[in-house]
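Notes follow once the structure below has been shown.
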Amino acid sequence: MSLVLIVDDEESIRYTCAAFLEDAGHQVRVAASRAEATGRLADDPFDLIFIDIMLGNESGLDLLDEVKKRLPDSPVVMITGAPEVATATEALRRGAFDYIPKPLRQETLLRVARQALRQRELAEQRERYRAHLEAIFRSVREGILLVDRDLVLLEANAAAVVFFDLPCGDSGQPLARLPEAVGLPLRDVAGRAVTTGQVVDGYRMEVAVPGRSPRILLLAAVPWADAGGVTQGAVITARDETRLEHLERDLGKRRNFEHIIGQSAVMQQVYGLIENLAEVDTTVLITGESGTGKELVAEALHCRSPRRNGPLIKVNCAALPDNLLESELFGHVRGSFTGAIKDKAGRFQLAHRGTVFLDEIGDISPALQVRLLRVLQNKEIERVGSSQPIPVDVRIVAATNSNLMEKVRRGEFREDLYYRLRVVEIPLPPLRARREDIPPLVEHFIGQFNERFGRRISGISAEAMAVLAAYAWPGNIRELQHAIEHAFVVCREPEIGMAHLPRELRETPLTETSTLTGEAAGILAALERAGGNKARAARLLGISRRTIYRKIDEYGITPPPELP
């Protein structure tokens with residue numbers, strides 16, 4: 001039941017309107033003047049007010065202004081005896097819901113009253129909805145930021161303010177104006193989401209706020225669009241994984257590190273090496289077979305280092321002939337060789353205050369080895385065709401799949417350069433030496449290809465997983481990734497089976513013992529991935545709980561203790 005106030009200096013109007021509205025089920029109060037109406041407003045919170053534009057010698061528009069100040073959510077309908085466009089326009093400009101002319105007709109009065117009260121009800125619903133969303137937005141423990149397509153911050157909840165040390169009332173601030181340690185990762189994930197229209201997930205960052213311990217945050221960005229489907233911005237979420245990271249590090253069971261997947265003991269040692277080198281600005285040599293993830297280790301070293309806000313410049317030394325590689329690394333001046341029509345900055349100069357990753361360093365020529373040694377010793381370069389030294393502040397991370405010491409013995413690689421590059425070595429194991437990492441890697445690639453191809457493959461059969469666990473993997477993780485991609489191309493079933501694997505895997509001869517060993521290794525790795533939870537391990541393998549219990553007994557597997 002709504003409470004309605006009628007303000008009119010004519011008693012017949014007050015009586016007639018009150019009768020019409022009361023018959024329709026409303027409670028009605030009346031006032032004959034502005035002073036009496038002001039008193040009524042002080043006593044009751046009216047849902048709807050009717051005001052005559054002329055109240056004797058006073059203007060009803062002035063009373064309208066007072067009502068909008070006291071009851072801004074209550075609609076006001078003006079009553080006029082002489083309808084004029086100018087008067088009506090002024091009433092609407094000051095906030096009136098509508099106006100109706102005299103003589104008043106019952107159906108007109110009731111229709112306008114219904115419309116006005118319906119608008120009030122919708123406004124109250126919107127406000128409740130907004131308040132509920134605001135409560136949810138402010139109370140969730142994950143950080144939430146809303147940005148527009150220009151990467152301007154529109155909203156940030158309380159958790160995000162704490163995570164990123166944002167000043168209060170930072171709405172309308174471009175992410176580019178935030179401190180680089182915070183702004184760069186946020187711009188990266190949000191920019192990719194806005195540009196591609198796809199969800200960006202799995203971005204880990206470390207935020208160091210003065211006076212607080214660093215936080216490890218997992219970022220994701222989801223594009224949001226208008227009713228027409230046009231991307232208008234992105235919603236960024238940040239989950240605090242500091243305690244989980246510390247727990248996994250203390251237990252030696254980290255399942256991933258930056259973008260590196262692996263929980264084996266040998267990978268825990270690699271993670272520890274990267275952490276120890278994060279704050280030490282020294283040269284690092286990453287060694288390992290092709291396809292073991294050397295580039296990911298270089299990215300992790302850069303992202304964890306104080307140079308994380310600078311550029312990471314990657315150079316594949318085996319991909320370019322010697323003369324072009326020299327120009328790429330050091331730059332050149334105009335006219336230094338045929339085709340050099342203008343000055344060009346080299347990769348070292350572009351990487352100033354950042355990191356240069358030199359992949360396949362063992363393939364560079366003796367002449368380039370001399371020039372690279374000079375960079376390491378003097379921290380300066382000379383462009384091709386110039387003798388003017390240019391100082392550069394870079395960290396060099398090199399990688400090779402060759403045995404550099406053997407090349408040194410054969411005279412193919414300078415010994416002094418070898419030791420300057422190999423201040424610290426990070427050896428990456430081949431996949432066959434870390435078979436327990438195969439199930440989490442397979443799970444990761446299945447999720448990756450589900451997103452890329454728009455598929456819903458749930459997992460891989462135990463038989464296929466056993467083959468993957470027993471295979472030698474000469475191409476290492478890259479070969480495993482290509483095998484899963486091949487399976488996605490040919491698989492039209494809910495899970496990947498033996499028939500979907502590449503021919504060389506299906507045709508690999510396996511003895512009964514090696515088959516059992518491979519399947520047992522796959523089950524044990526899945527149990528470790530699931531933290532000892534047998535039901536989750538069964539889901540990872542695509543088998544039933546009854547089957548995994550039977551296989552555990554059959555192979556005599558000792559499951560790891562289940563995490564709480």
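We label chains A, B, ... in the order they appear in the structure tokens, count residues from 1 in each chain, and number ligands from 1 in the order shown.
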
Pick out the residues sitting within 7 Å of segment 25-29 of chain A, and hand them over as a PDB file with N, CA, C and O atoms, in the first residue's frame; count only C-alpha atoms, and ignore anything fewer than 6 positions along from it in its own chain.
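File written: result33.pdb
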```
ATOM      1  N   MET A   1       0.858  -1.191   0.000  1.00  0.00           N
ATOM      2  CA  MET A   1       0.000   0.000   0.000  1.00  0.00           C
ATOM      3  C   MET A   1       0.890   1.235   0.000  1.00  0.00           C
ATOM      4  O   MET A   1       1.754   1.374   0.846  1.00  0.00           O
ATOM      5  N   SER A   2       0.649   2.136  -0.965  1.00  0.00           N
ATOM      6  CA  SER A   2       1.482   3.322  -1.128  1.00  0.00           C
ATOM      7  C   SER A   2       0.882   4.510  -0.380  1.00  0.00           C
ATOM      8  O   SER A   2      -0.339   4.644  -0.272  1.00  0.00           O
ATOM      9  N   LEU A   3       1.769   5.383   0.093  1.00  0.00           N
ATOM     10  CA  LEU A   3       1.349   6.602   0.777  1.00  0.00           C
ATOM     11  C   LEU A   3       1.522   7.769  -0.181  1.00  0.00           C
ATOM     12  O   LEU A   3       2.622   8.033  -0.663  1.00  0.00           O
ATOM     13  N   VAL A   4       0.405   8.472  -0.448  1.00  0.00           N
ATOM     14  CA  VAL A   4       0.382   9.527  -1.464  1.00  0.00           C
ATOM     15  C   VAL A   4       0.029  10.854  -0.811  1.00  0.00           C
ATOM     16  O   VAL A   4      -0.856  10.916   0.063  1.00  0.00           O
ATOM     17  N   LEU A   5       0.701  11.932  -1.231  1.00  0.00           N
ATOM     18  CA  LEU A   5       0.396  13.287  -0.777  1.00  0.00           C
ATOM     19  C   LEU A   5      -0.152  14.097  -1.941  1.00  0.00           C
ATOM     20  O   LEU A   5       0.426  14.090  -3.031  1.00  0.00           O
ATOM     21  N   ILE A   6      -1.294  14.796  -1.692  1.00  0.00           N
ATOM     22  CA  ILE A   6      -1.900  15.670  -2.701  1.00  0.00           C
ATOM     23  C   ILE A   6      -1.817  17.093  -2.177  1.00  0.00           C
ATOM     24  O   ILE A   6      -2.317  17.395  -1.078  1.00  0.00           O
ATOM     25  N   ALA A  18      -8.243  12.439  -3.625  1.00  0.00           N
ATOM     26  CA  ALA A  18      -8.119  11.519  -2.496  1.00  0.00           C
ATOM     27  C   ALA A  18      -9.092  10.360  -2.641  1.00  0.00           C
ATOM     28  O   ALA A  18      -8.750   9.200  -2.382  1.00  0.00           O
TER      29      ALA A  18
END
```

* Could you give me, as a ChimeraX atom specification, the residues within 12 Å of Val489 of chain A, counting only C-alpha atoms and dropping anything in the same chain fewer than 5 positions from it? => /A:446,449-450,452-455,457,482-484,496,499-502

Expected file: the selected residues, all heavy atoms, as a compact mmCIF listing (two decimals), in the first residue's frame:
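Listed below is the output, out.txt:
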```
# COMPACT_ATOMS: atom_id res chain seq x y z
N ILE A 446 46.06 -30.53 -22.58
CA ILE A 446 44.64 -30.76 -22.89
C ILE A 446 43.83 -29.50 -22.63
O ILE A 446 42.98 -29.11 -23.44
CB ILE A 446 44.11 -31.96 -22.08
CG1 ILE A 446 44.68 -33.27 -22.63
CG2 ILE A 446 42.57 -32.00 -22.12
CD1 ILE A 446 44.31 -34.50 -21.83
N PHE A 449 44.70 -26.93 -25.42
CA PHE A 449 44.12 -27.19 -26.74
C PHE A 449 42.59 -27.16 -26.70
O PHE A 449 41.96 -26.86 -27.72
CB PHE A 449 44.63 -28.51 -27.29
CG PHE A 449 46.08 -28.47 -27.67
CD1 PHE A 449 46.98 -29.40 -27.16
CD2 PHE A 449 46.56 -27.50 -28.52
CE1 PHE A 449 48.32 -29.36 -27.51
CE2 PHE A 449 47.90 -27.44 -28.87
CZ PHE A 449 48.80 -28.37 -28.36
N ASN A 450 41.99 -27.48 -25.56
CA ASN A 450 40.53 -27.30 -25.43
C ASN A 450 40.16 -25.85 -25.67
O ASN A 450 39.18 -25.54 -26.37
CB ASN A 450 40.06 -27.74 -24.05
CG ASN A 450 39.68 -29.21 -23.98
OD1 ASN A 450 39.23 -29.79 -24.98
ND2 ASN A 450 39.85 -29.82 -22.84
N ARG A 452 42.05 -23.55 -27.26
CA ARG A 452 42.42 -23.11 -28.61
C ARG A 452 41.45 -23.61 -29.67
O ARG A 452 41.08 -22.88 -30.59
CB ARG A 452 43.84 -23.59 -28.95
CG ARG A 452 44.31 -23.12 -30.33
CD ARG A 452 45.62 -23.75 -30.74
NE ARG A 452 46.69 -23.43 -29.82
CZ ARG A 452 47.95 -23.87 -29.99
NH1 ARG A 452 48.24 -24.67 -31.02
NH2 ARG A 452 48.87 -23.56 -29.12
N PHE A 453 41.03 -24.88 -29.55
CA PHE A 453 40.19 -25.48 -30.58
C PHE A 453 38.71 -25.47 -30.23
O PHE A 453 37.90 -25.95 -31.03
CB PHE A 453 40.64 -26.93 -30.84
CG PHE A 453 42.04 -27.06 -31.35
CD1 PHE A 453 42.91 -28.01 -30.83
CD2 PHE A 453 42.51 -26.23 -32.35
CE1 PHE A 453 44.20 -28.14 -31.30
CE2 PHE A 453 43.81 -26.35 -32.83
CZ PHE A 453 44.66 -27.30 -32.30
N GLY A 454 38.35 -24.92 -29.06
CA GLY A 454 36.94 -24.91 -28.67
C GLY A 454 36.39 -26.30 -28.44
O GLY A 454 35.23 -26.57 -28.75
N ARG A 455 37.19 -27.21 -27.89
CA ARG A 455 36.79 -28.58 -27.65
C ARG A 455 36.51 -28.81 -26.17
O ARG A 455 36.80 -27.96 -25.32
CB ARG A 455 37.88 -29.55 -28.13
CG ARG A 455 38.28 -29.36 -29.58
CD ARG A 455 37.25 -29.96 -30.53
NE ARG A 455 37.19 -31.41 -30.35
CZ ARG A 455 38.07 -32.26 -30.86
NH1 ARG A 455 39.09 -31.81 -31.56
NH2 ARG A 455 37.93 -33.56 -30.67
N ILE A 457 37.43 -32.06 -24.52
CA ILE A 457 38.02 -33.36 -24.22
C ILE A 457 38.35 -33.41 -22.73
O ILE A 457 39.03 -32.52 -22.20
CB ILE A 457 39.26 -33.61 -25.09
CG1 ILE A 457 38.83 -33.80 -26.55
CG2 ILE A 457 40.06 -34.82 -24.59
CD1 ILE A 457 39.97 -34.05 -27.51
N HIS A 482 53.24 -31.72 -29.23
CA HIS A 482 52.79 -32.02 -30.59
C HIS A 482 51.97 -33.31 -30.63
O HIS A 482 51.02 -33.42 -31.43
CB HIS A 482 54.00 -32.13 -31.53
CG HIS A 482 54.70 -30.82 -31.73
ND1 HIS A 482 55.97 -30.72 -32.23
CD2 HIS A 482 54.31 -29.55 -31.47
CE1 HIS A 482 56.33 -29.45 -32.30
NE2 HIS A 482 55.33 -28.72 -31.83
N ALA A 483 52.31 -34.27 -29.78
CA ALA A 483 51.54 -35.53 -29.73
C ALA A 483 50.12 -35.27 -29.25
O ALA A 483 49.15 -35.83 -29.80
CB ALA A 483 52.24 -36.54 -28.81
N ILE A 484 49.96 -34.43 -28.24
CA ILE A 484 48.62 -34.11 -27.75
C ILE A 484 47.85 -33.28 -28.78
O ILE A 484 46.64 -33.47 -28.98
CB ILE A 484 48.69 -33.36 -26.40
CG1 ILE A 484 49.42 -34.21 -25.35
CG2 ILE A 484 47.30 -33.00 -25.90
CD1 ILE A 484 48.80 -35.55 -25.10
N ILE A 496 40.94 -38.87 -24.99
CA ILE A 496 41.97 -39.33 -25.92
C ILE A 496 42.30 -40.79 -25.61
O ILE A 496 42.54 -41.16 -24.46
CB ILE A 496 43.24 -38.46 -25.78
CG1 ILE A 496 42.93 -37.02 -26.22
CG2 ILE A 496 44.38 -39.03 -26.61
CD1 ILE A 496 44.05 -36.04 -25.91
N ALA A 499 44.15 -44.94 -30.07
CA ALA A 499 43.99 -44.75 -31.51
C ALA A 499 44.28 -43.32 -31.94
O ALA A 499 44.50 -43.05 -33.12
CB ALA A 499 42.58 -45.15 -31.94
N HIS A 500 44.27 -42.38 -31.01
CA HIS A 500 44.44 -40.97 -31.35
C HIS A 500 45.89 -40.51 -31.24
O HIS A 500 46.20 -39.37 -31.61
CB HIS A 500 43.55 -40.10 -30.44
CG HIS A 500 42.13 -40.54 -30.41
ND1 HIS A 500 41.46 -40.80 -29.23
CD2 HIS A 500 41.24 -40.81 -31.41
CE1 HIS A 500 40.23 -41.20 -29.50
NE2 HIS A 500 40.08 -41.22 -30.82
N LEU A 501 46.76 -41.35 -30.72
CA LEU A 501 48.16 -40.97 -30.56
C LEU A 501 48.89 -41.08 -31.90
O LEU A 501 48.49 -41.83 -32.79
CB LEU A 501 48.84 -41.87 -29.53
CG LEU A 501 48.28 -41.81 -28.10
CD1 LEU A 501 49.03 -42.77 -27.19
CD2 LEU A 501 48.32 -40.39 -27.54
N PRO A 502 50.00 -40.34 -32.06
CA PRO A 502 50.78 -40.45 -33.30
C PRO A 502 51.27 -41.88 -33.53
O PRO A 502 51.46 -42.65 -32.58
CB PRO A 502 51.96 -39.49 -33.06
CG PRO A 502 51.45 -38.52 -32.05
CD PRO A 502 50.52 -39.29 -31.17
```

* Asked: Looking at only C-alpha atoms, which of A:Ser12, A:Gln263, A:Thr195, A:Ser59 is the one that sits closest to Glu436 of chain A?
  ->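 Comparing A:Ser12, A:Gln263, A:Thr195, A:Ser59 against Glu436 of chain A, the winner is A:Gln263.
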
* Excluding segment 319-334 of chain A and any residue of its chain fewer than 3 positions from it, enumerate the residues within 12 Å of it, using only C-alpha atoms, and give them as an MDAnalysis selection string. => chainID A and resid 313:316 337:351 356:361 363:372 374:375 380:392

Selected residues, N, CA and C atoms, written as a short mmCIF file (atom, residue, chain, number, x, y, z; two decimals), in the first residue's frame, please.
```cif
data_model
loop_
_atom_site.label_atom_id
_atom_site.label_comp_id
_atom_site.auth_asym_id
_atom_site.auth_seq_id
_atom_site.Cartn_x
_atom_site.Cartn_y
_atom_site.Cartn_z
N ILE A 313 64.63 -9.53 -24.50
CA ILE A 313 64.88 -9.65 -25.94
C ILE A 313 65.46 -11.03 -26.22
N LYS A 314 64.80 -11.79 -27.11
CA LYS A 314 65.22 -13.15 -27.43
C LYS A 314 65.87 -13.18 -28.81
N VAL A 315 66.98 -13.92 -28.90
CA VAL A 315 67.69 -14.07 -30.17
C VAL A 315 68.02 -15.54 -30.36
N ASN A 316 67.58 -16.12 -31.48
CA ASN A 316 67.96 -17.49 -31.82
C ASN A 316 69.21 -17.41 -32.69
N PHE A 337 77.10 -1.55 -44.92
CA PHE A 337 77.12 -2.66 -45.87
C PHE A 337 75.97 -2.46 -46.85
N THR A 338 75.96 -3.22 -47.91
CA THR A 338 74.91 -3.09 -48.92
C THR A 338 73.55 -3.36 -48.29
N GLY A 339 72.63 -2.42 -48.46
CA GLY A 339 71.30 -2.57 -47.88
C GLY A 339 71.12 -1.84 -46.57
N ALA A 340 72.21 -1.32 -45.98
CA ALA A 340 72.11 -0.58 -44.72
C ALA A 340 71.75 0.87 -45.05
N ILE A 341 70.46 1.12 -45.29
CA ILE A 341 70.03 2.45 -45.75
C ILE A 341 69.79 3.42 -44.60
N LYS A 342 69.79 2.92 -43.37
CA LYS A 342 69.63 3.81 -42.22
C LYS A 342 70.23 3.14 -40.98
N ASP A 343 70.47 3.95 -39.95
CA ASP A 343 71.00 3.41 -38.70
C ASP A 343 69.98 2.45 -38.08
N LYS A 344 70.50 1.44 -37.43
CA LYS A 344 69.62 0.46 -36.77
C LYS A 344 70.20 0.09 -35.42
N ALA A 345 69.34 0.11 -34.38
CA ALA A 345 69.75 -0.32 -33.05
C ALA A 345 69.74 -1.84 -32.97
N GLY A 346 70.72 -2.41 -32.31
CA GLY A 346 70.79 -3.86 -32.16
C GLY A 346 70.00 -4.34 -30.96
N ARG A 347 69.94 -5.68 -30.84
CA ARG A 347 69.16 -6.28 -29.75
C ARG A 347 69.73 -5.91 -28.37
N PHE A 348 71.05 -5.81 -28.26
CA PHE A 348 71.63 -5.43 -26.97
C PHE A 348 71.19 -4.03 -26.56
N GLN A 349 71.16 -3.12 -27.52
CA GLN A 349 70.75 -1.76 -27.20
C GLN A 349 69.26 -1.71 -26.87
N LEU A 350 68.44 -2.50 -27.57
CA LEU A 350 67.01 -2.54 -27.30
C LEU A 350 66.71 -3.16 -25.93
N ALA A 351 67.62 -4.00 -25.45
CA ALA A 351 67.41 -4.68 -24.17
C ALA A 351 67.99 -3.90 -23.00
N VAL A 356 68.88 -10.11 -22.23
CA VAL A 356 69.04 -10.67 -23.56
C VAL A 356 69.15 -12.18 -23.41
N PHE A 357 68.28 -12.91 -24.12
CA PHE A 357 68.33 -14.37 -24.12
C PHE A 357 68.92 -14.83 -25.43
N LEU A 358 70.10 -15.42 -25.36
CA LEU A 358 70.80 -15.90 -26.56
C LEU A 358 70.63 -17.41 -26.64
N ASP A 359 69.69 -17.85 -27.46
CA ASP A 359 69.43 -19.28 -27.62
C ASP A 359 70.40 -19.88 -28.63
N GLU A 360 70.76 -21.13 -28.42
CA GLU A 360 71.71 -21.85 -29.27
C GLU A 360 73.02 -21.07 -29.40
N ILE A 361 73.57 -20.67 -28.27
CA ILE A 361 74.79 -19.86 -28.25
C ILE A 361 75.99 -20.61 -28.82
N ASP A 363 76.31 -22.03 -31.51
CA ASP A 363 76.41 -21.98 -32.97
C ASP A 363 77.00 -20.68 -33.50
N ILE A 364 77.42 -19.76 -32.62
CA ILE A 364 77.94 -18.48 -33.13
C ILE A 364 79.40 -18.65 -33.57
N SER A 365 79.81 -17.80 -34.50
CA SER A 365 81.14 -17.90 -35.11
C SER A 365 82.22 -17.39 -34.14
N PRO A 366 83.49 -17.74 -34.39
CA PRO A 366 84.59 -17.23 -33.55
C PRO A 366 84.63 -15.70 -33.49
N ALA A 367 84.35 -15.02 -34.63
CA ALA A 367 84.38 -13.56 -34.63
C ALA A 367 83.31 -12.99 -33.70
N LEU A 368 82.12 -13.57 -33.76
CA LEU A 368 81.06 -13.10 -32.87
C LEU A 368 81.36 -13.44 -31.42
N GLN A 369 82.06 -14.54 -31.20
CA GLN A 369 82.43 -14.90 -29.83
C GLN A 369 83.32 -13.81 -29.23
N VAL A 370 84.24 -13.29 -30.02
CA VAL A 370 85.13 -12.21 -29.54
C VAL A 370 84.32 -10.98 -29.18
N ARG A 371 83.39 -10.60 -30.05
CA ARG A 371 82.59 -9.40 -29.81
C ARG A 371 81.68 -9.58 -28.58
N LEU A 372 81.14 -10.78 -28.42
CA LEU A 372 80.28 -11.05 -27.26
C LEU A 372 81.10 -11.01 -25.96
N ARG A 374 83.63 -9.15 -25.42
CA ARG A 374 83.87 -7.73 -25.13
C ARG A 374 82.64 -7.10 -24.44
N VAL A 375 81.43 -7.51 -24.86
CA VAL A 375 80.22 -7.00 -24.21
C VAL A 375 80.19 -7.43 -22.74
N GLU A 380 79.66 -2.70 -23.07
CA GLU A 380 79.43 -1.75 -24.14
C GLU A 380 79.52 -2.47 -25.47
N ILE A 381 78.88 -1.88 -26.48
CA ILE A 381 78.86 -2.46 -27.82
C ILE A 381 79.33 -1.43 -28.84
N GLU A 382 79.65 -1.91 -30.01
CA GLU A 382 79.93 -1.04 -31.15
C GLU A 382 79.07 -1.51 -32.32
N ARG A 383 78.33 -0.59 -32.93
CA ARG A 383 77.54 -0.95 -34.09
C ARG A 383 78.43 -1.32 -35.27
N VAL A 384 77.92 -2.17 -36.15
CA VAL A 384 78.65 -2.53 -37.36
C VAL A 384 78.89 -1.25 -38.17
N GLY A 385 80.14 -1.00 -38.53
CA GLY A 385 80.48 0.19 -39.30
C GLY A 385 80.78 1.40 -38.45
N SER A 386 80.84 1.23 -37.13
CA SER A 386 81.12 2.35 -36.24
C SER A 386 82.14 1.92 -35.20
N SER A 387 82.95 2.86 -34.74
CA SER A 387 83.91 2.60 -33.66
C SER A 387 83.51 3.31 -32.38
N GLN A 388 82.31 3.89 -32.37
CA GLN A 388 81.83 4.61 -31.20
C GLN A 388 81.22 3.62 -30.21
N PRO A 389 81.79 3.46 -29.01
CA PRO A 389 81.21 2.52 -28.04
C PRO A 389 79.90 3.06 -27.46
N ILE A 390 78.95 2.14 -27.27
CA ILE A 390 77.65 2.49 -26.68
C ILE A 390 77.47 1.65 -25.42
N PRO A 391 77.37 2.28 -24.25
CA PRO A 391 77.20 1.49 -23.02
C PRO A 391 75.82 0.83 -23.00
N VAL A 392 75.78 -0.41 -22.52
CA VAL A 392 74.52 -1.14 -22.40
C VAL A 392 74.46 -1.80 -21.02
#
```

* Residue list (strand (DSSP E), DSSP) for segment 429-524 of chain A, as an MDAnalysis selection string -> chainID A and resid 459:460 495:496

* Give the answer as one residue: which of A:Ala537, A:Ile557, A:Val200, A:Met205 has the shortest atom-to-atom distance to Gln448 of chain A, using only C-alpha atoms? =>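 Looking only at the distances to Gln448 of chain A, the closest residue turns out to be A:Val200.
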
Please list as a compact mmCIF listing (two decimals) with C-alpha atoms, in the first residue's frame every residue within 12 Å of Leu178 of chain A, counting only C-alpha atoms and excluding residues in the same chain fewer than 6 positions away.
```txt
# COMPACT_ATOMS: atom_id res chain seq x y z
CA LEU A 151 42.84 0.04 -20.15
CA VAL A 152 41.52 2.76 -17.86
CA LEU A 153 40.65 1.53 -14.37
CA PHE A 164 48.27 -3.72 -5.73
CA ASP A 165 48.62 -0.92 -3.16
CA LEU A 166 46.19 1.27 -5.10
CA PRO A 167 45.28 4.68 -3.72
CA ASP A 170 41.72 5.50 -8.19
CA SER A 171 38.85 5.09 -10.67
CA GLY A 172 39.53 6.78 -13.99
CA LEU A 184 52.88 -3.72 -16.73
CA PRO A 185 51.43 -7.15 -15.76
CA LEU A 186 47.91 -5.72 -15.51
CA ARG A 187 48.23 -4.05 -18.92
```

* **Length of the atom CA of Val7 of chain A to atom CA of Leu63 of chain A vector [Å]** => 9.6 Å

* Hey, can you check how far atom CA of Ala176 of chain A sits from atom CA of Ile216 of chain A? ->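 Interatomic distance, atom CA of Ala176 of chain A to atom CA of Ile216 of chain A: 21.3 Å.
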
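The residue that comes closest to Ser458 of chain A, out of A:Tyr271, A:Cys491, A:Asp150, A:Asp98 and on the basis of only C-alpha atoms, is A:Cys491.
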
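Taking only C-alpha atoms into account, Glu36 of chain A lies nearest to A:Asp9 out of the set A:Thr237, A:Asp393, A:Asp9, A:Leu48.
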